[in-house]
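J.: Below: one structure in structure tokens.
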Amino acid sequence: MFNSERIASRFLFSISFNIIRGVFSFLAGLYIAKGLGPVEYGNFTFLLGSFIAIRQLIDLGTSSAFFTFISQKKQSKLFYLIYFGWPLVQLIIVIIIIYTVFPQSWISHIWQGQNNYRILIAFFASFMMNNLWFTTTSIAESIRKSIMIQFINMAIMIIHFIIIYYLLNFSSISVDIIFYLISGEYIIAILISAYILNSKIQFEKSKIISLNDIIHEYFKYCAPLIVLAFISFGYHFSDRWFLQKFSGSMEQGLYAISAKFSMVSLVATASIINIYWKEIAESFEDRNFTKIKYLYKSTTRGLFFIGVFIACLVIPWSKEIIFVMLGEKYLGASIPLTIMFFYPIHQSLGQINGSTFMATGMTKESVIIGNIFLAISIPIVYLLIAPPHYKIPGFDLGAIGVAYKMVGLQLIAVNVQSYYLSYKFKFKFDWIYQPVNIIVFLLFSYFLKLYLPSIINGISEEYYRIFLSFSVVSFYSLFSILYVYLFPSMVGQTRATLKSYINIFK
């Protein structure tokens, strides 16, 4: 037996903190975009995105292995010490390669004319945020300290927003300053978290494990992921690089802001992903397949519904949202934004599927499926972005092309993963809830856009926009509550479990 309410409690606290964090992250992102403008914001996101891609290459799947191993059972001090040294090795290797091995012409070509100093601080900021902080979060989640680590995560973003707001209104803001800010925030957060977690970790003492045993364990887990790391790097880097090269910083900025808006609905996935990974890894170690099946079905359906709820609410209003929040200079992002709002709906399933593969040690299967779609993505994004007069002509779609590629390929890849997992763990392939939820909520959302403005047309212009927004959200939310009550299975729950979650939240 397993305590589903304990998992739910951690999730509800985690999602509460993540919602607050998501709000401040979103607002900070908007202020940064407004302060920098589309061109410099494009340079900022290009640099950050390029180093996120490079992380895929240098990590080689070791971060997934580390979290899986410490989630399954206690590990020795030696195990932790070896892994803590690995990120520092990565940091040194990348700096040496960029500033010693690569000639200046390569650096200029890869980062499209960005100066060396900016490249260095961008890499360091990305490293602190995506490497060291990820390791800290993994340790906290492995010992079920979800609430503590998510609280710190929330605090980081609130402080980040306050500083960005101050810089924009009372000082100056630039790409370099933002990278300095990110680096400092995460250094402080890591030191505070390490101090708290130091006394909480329980080490394995009874079993003596040698250095060779640890390396062998990592190699067995990560060997299938090495090829995936190279292709994943090509996938993530090519999107940003082709867009920067063929369409320029402006299109990069428009795509980045559309992706920023679309990621809002992933707050629930970010809240549950490490909790889910921990529970699946432990359940697989205990051979508790009943728990795995229950967690997979309830989590995928629940997260999918949250993604649909948020995306379908805002899709009809994409142009209005861009104009009100960022102004006319970003209106070119309205079409890619409409497309990208569909992306996080299936992104949540992709993350859950990926976590299931990693937590159960099915790295080979994950690599085969992942490599196929990642490899297909690179020529597709080239054809969608490249200009018609180029050597191999393309459709010159810019940010719109990247958005189409992201949504279309993901839809197919996620369902292939889901089908394989259902086959492997011998449960029915679950897919019908996907089109049903999207169609129902999208139709209702467009119904509201068509008819509500005419109904409240008598309101004065001063209050019209506020009253319209309030009316849309209210009617949409009431419809959603009724839908969940009538069809709880569409969100992976029963009425009894919904009542228990309400009691936990209270």
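Residues in the structure tokens are numbered from 1 in each chain, the chains being A, B, ... in the order shown, and ligands are numbered from 1 in the order shown.
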Which neighbours of A:Leu47 fall inside 8 Å, counting only C-alpha atoms, when residues of the same chain fewer than 3 positions from it are skipped, and could you give them as a ChimeraX atom specification?
T.: /A:43-44,50-51,111,119,122-123
J.: Give me the residues near stretch 164-168 of chain A as number ranges by chain, where near means some atom within 9 Å (using only C-alpha atoms) and where sequence neighbours in that chain fewer than 6 positions away do not count.
T.: A: 28, 31-32, 34-35, 178, 181
J.: Write out the residues from the selection above, keeping N, CA and C atoms, as a CSV table (one decimal), in the first residue's frame.
T.:
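Saved as selection26.csv:
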chain,number,residue,atom,x,y,z
A,28,ALA,N,8.6,39.1,-14.2
A,28,ALA,CA,10.0,39.5,-14.4
A,28,ALA,C,10.4,39.4,-15.9
A,31,TYR,N,9.0,42.3,-17.8
A,31,TYR,CA,9.8,43.5,-17.6
A,31,TYR,C,11.1,43.5,-18.3
A,32,ILE,N,11.7,42.3,-18.3
A,32,ILE,CA,13.0,42.1,-19.1
A,32,ILE,C,12.8,42.4,-20.5
A,34,LYS,N,10.4,44.0,-22.0
A,34,LYS,CA,10.1,45.5,-22.3
A,34,LYS,C,11.3,46.3,-22.2
A,35,GLY,N,12.1,46.0,-21.2
A,35,GLY,CA,13.3,46.8,-20.9
A,35,GLY,C,14.4,46.7,-22.0
A,178,ILE,N,21.6,41.3,-16.2
A,178,ILE,CA,20.7,40.2,-15.9
A,178,ILE,C,21.4,38.9,-15.7
A,181,LEU,N,22.9,39.1,-12.3
A,181,LEU,CA,21.9,38.9,-11.3
A,181,LEU,C,21.5,37.5,-11.1
J.: Measuring between only C-alpha atoms, which one of A:Ile345, A:Ile257, A:Val381, A:Thr62 shows the shortest distance to A:Leu326?
T.: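 Looking only at the distances to A:Leu326, the closest residue turns out to be A:Ile257.
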J.: Taking only residues of stretch 182-269 of chain A that have an atom at most 12 Å from an atom of stretch 352-358 of chain A, what is each one's shortest atom pair and its distance in Å to one decimal, using only C-alpha atoms, in chain and number order, as JSON lines?
T.:
{"residue": "A:Tyr221", "atom": "CA", "partner": "A:Met358", "partner_atom": "CA", "distance": 9.0}
{"residue": "A:Cys222", "atom": "CA", "partner": "A:Met358", "partner_atom": "CA", "distance": 10.1}
{"residue": "A:Pro224", "atom": "CA", "partner": "A:Met358", "partner_atom": "CA", "distance": 11.3}
{"residue": "A:Leu225", "atom": "CA", "partner": "A:Met358", "partner_atom": "CA", "distance": 10.1}
{"residue": "A:Leu266", "atom": "CA", "partner": "A:Ile352", "partner_atom": "CA", "distance": 11.7}
{"residue": "A:Ala268", "atom": "CA", "partner": "A:Ile352", "partner_atom": "CA", "distance": 11.6}
{"residue": "A:Thr269", "atom": "CA", "partner": "A:Ile352", "partner_atom": "CA", "distance": 8.1}
J.: Could you pull the residues within 12 Å of A:Gly492, counting only C-alpha atoms, minus those fewer than 3 positions along the same chain, as a PyMOL selection string?
T.: chain A and resi 293-306+430+433-434+484-485+487-489+495-498
J.: Which residues come within 12 Å of A:Phe69, counting only C-alpha atoms, excluding same-chain residues fewer than 2 positions away, as JSON, numbers by chain?
T.: {"A": [62, 63, 64, 65, 66, 67, 71, 72, 73, 74, 75, 76, 79, 80, 83, 138, 139, 142, 143, 214, 217, 218, 221, 222, 277, 278, 280, 281, 282, 284, 285, 358, 359, 360, 361]}
J.: Got time to write the residues from that selection, C-alpha atoms, as a PDB file, in the first residue's frame?
T.:
ATOM      1  CA  THR A  62      24.472  11.862 -15.282  1.00  0.00           C
ATOM      2  CA  SER A  63      22.009  14.230 -13.588  1.00  0.00           C
ATOM      3  CA  SER A  64      19.131  11.836 -14.347  1.00  0.00           C
ATOM      4  CA  ALA A  65      21.190   8.918 -13.060  1.00  0.00           C
ATOM      5  CA  PHE A  66      22.104  10.786  -9.871  1.00  0.00           C
ATOM      6  CA  PHE A  67      18.496  11.695  -9.038  1.00  0.00           C
ATOM      7  CA  SER A  71      15.654   8.399  -4.979  1.00  0.00           C
ATOM      8  CA  GLN A  72      15.724   4.613  -5.046  1.00  0.00           C
ATOM      9  CA  LYS A  73      17.760   4.136  -1.860  1.00  0.00           C
ATOM     10  CA  LYS A  74      20.351   5.665   0.490  1.00  0.00           C
ATOM     11  CA  GLN A  75      23.800   6.245  -0.961  1.00  0.00           C
ATOM     12  CA  SER A  76      27.250   6.580   0.596  1.00  0.00           C
ATOM     13  CA  PHE A  79      28.714   8.577  -3.954  1.00  0.00           C
ATOM     14  CA  TYR A  80      27.716  12.183  -3.245  1.00  0.00           C
ATOM     15  CA  TYR A  83      28.947  13.557  -8.179  1.00  0.00           C
ATOM     16  CA  SER A 138      17.367  16.721  -6.780  1.00  0.00           C
ATOM     17  CA  ILE A 139      18.874  16.070  -3.363  1.00  0.00           C
ATOM     18  CA  SER A 142      15.072  12.617  -2.984  1.00  0.00           C
ATOM     19  CA  ILE A 143      14.562  12.999   0.781  1.00  0.00           C
ATOM     20  CA  ILE A 214      29.980   3.772  -8.529  1.00  0.00           C
ATOM     21  CA  GLU A 217      26.709   1.974 -11.986  1.00  0.00           C
ATOM     22  CA  TYR A 218      26.728   5.383 -13.700  1.00  0.00           C
ATOM     23  CA  TYR A 221      22.720   3.844 -16.664  1.00  0.00           C
ATOM     24  CA  CYS A 222      24.223   6.586 -18.841  1.00  0.00           C
ATOM     25  CA  TRP A 277      10.141  10.764 -10.260  1.00  0.00           C
ATOM     26  CA  LYS A 278      10.972   9.956  -6.638  1.00  0.00           C
ATOM     27  CA  ILE A 280       8.124   6.002  -9.426  1.00  0.00           C
ATOM     28  CA  ALA A 281      11.812   5.188  -8.815  1.00  0.00           C
ATOM     29  CA  GLU A 282      11.078   3.855  -5.331  1.00  0.00           C
ATOM     30  CA  PHE A 284       9.977   0.317  -9.346  1.00  0.00           C
ATOM     31  CA  GLU A 285      12.710  -0.685  -6.915  1.00  0.00           C
ATOM     32  CA  MET A 358      14.463   7.498 -16.400  1.00  0.00           C
ATOM     33  CA  ALA A 359      13.073   6.497 -12.990  1.00  0.00           C
ATOM     34  CA  THR A 360      12.588   2.880 -14.101  1.00  0.00           C
ATOM     35  CA  GLY A 361      15.997   2.645 -15.757  1.00  0.00           C
TER      36      GLY A 361
END
J.: Can you pull out the residues contacting A:Asp396? Cut-off 12 Å, using only C-alpha atoms, and skip same-chain residues under 3 positions away; I want them as a list in words.
T.: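 In the requested format, the answer is Phe242, Leu243, Lys245, Phe246, Ser247, Gly248, Glu251, Val381, Tyr382, Leu383, Leu384, Ile385, Ala386, Pro387, Pro388, His389, Tyr390, Ile392, Pro393, Ala399, Ile400, Gly401 and Val402 of chain A.
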J.: Here is a test: counting only C-alpha atoms, which residue of A:Ser469, A:Ser172, A:Gln150, A:Ser348 is nearest to A:Trp317?
T.: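 The answer is A:Ser469, which sits nearest to A:Trp317.
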J.: Using DSSP secondary structure from the backbone, list all alpha helix (DSSP H) positions within stretch 350-487 of chain A, as an MDAnalysis selection string.
T.: chainID A and resid 350:359 363:385 399:424 433:455 461:486
J.: Would you pick out the contacts of A:Glu320 at 9 Å or less, using only C-alpha atoms, so that residues sharing its chain but fewer than 4 positions from it are not included, and give the list as a list in words?
T.: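 So the residues in contact are Pro316, Val324, Met325, Leu331 and Ser334 of chain A.
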J.: Using only C-alpha atoms, which protein or nucleic acid residues come within 8 Å of A:Ile231? Drop anything in the same chain fewer than 5 positions from it, and give the result as a list in words.
T.: Asn371, Leu374 and Ala375 of chain A
J.: Separation of atom CA of A:Tyr41 and atom CA of A:Arg118, in Å?
T.: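 Rounded to one decimal, the two atoms are 13.7 Å apart.
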J.: At what distance in Å, to one decimal, does atom CA of A:Asp213 lie from atom CA of A:Tyr195?
T.: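 Rounded to one decimal, the two atoms are 28.7 Å apart.
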J.: Of the residues A:Trp431, A:Ser126, A:Gly61, A:Phe203, which is the one nearest to A:Lys77, using only C-alpha atoms?
T.: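 Residue with the minimum atom-to-atom distance to A:Lys77: A:Phe203.
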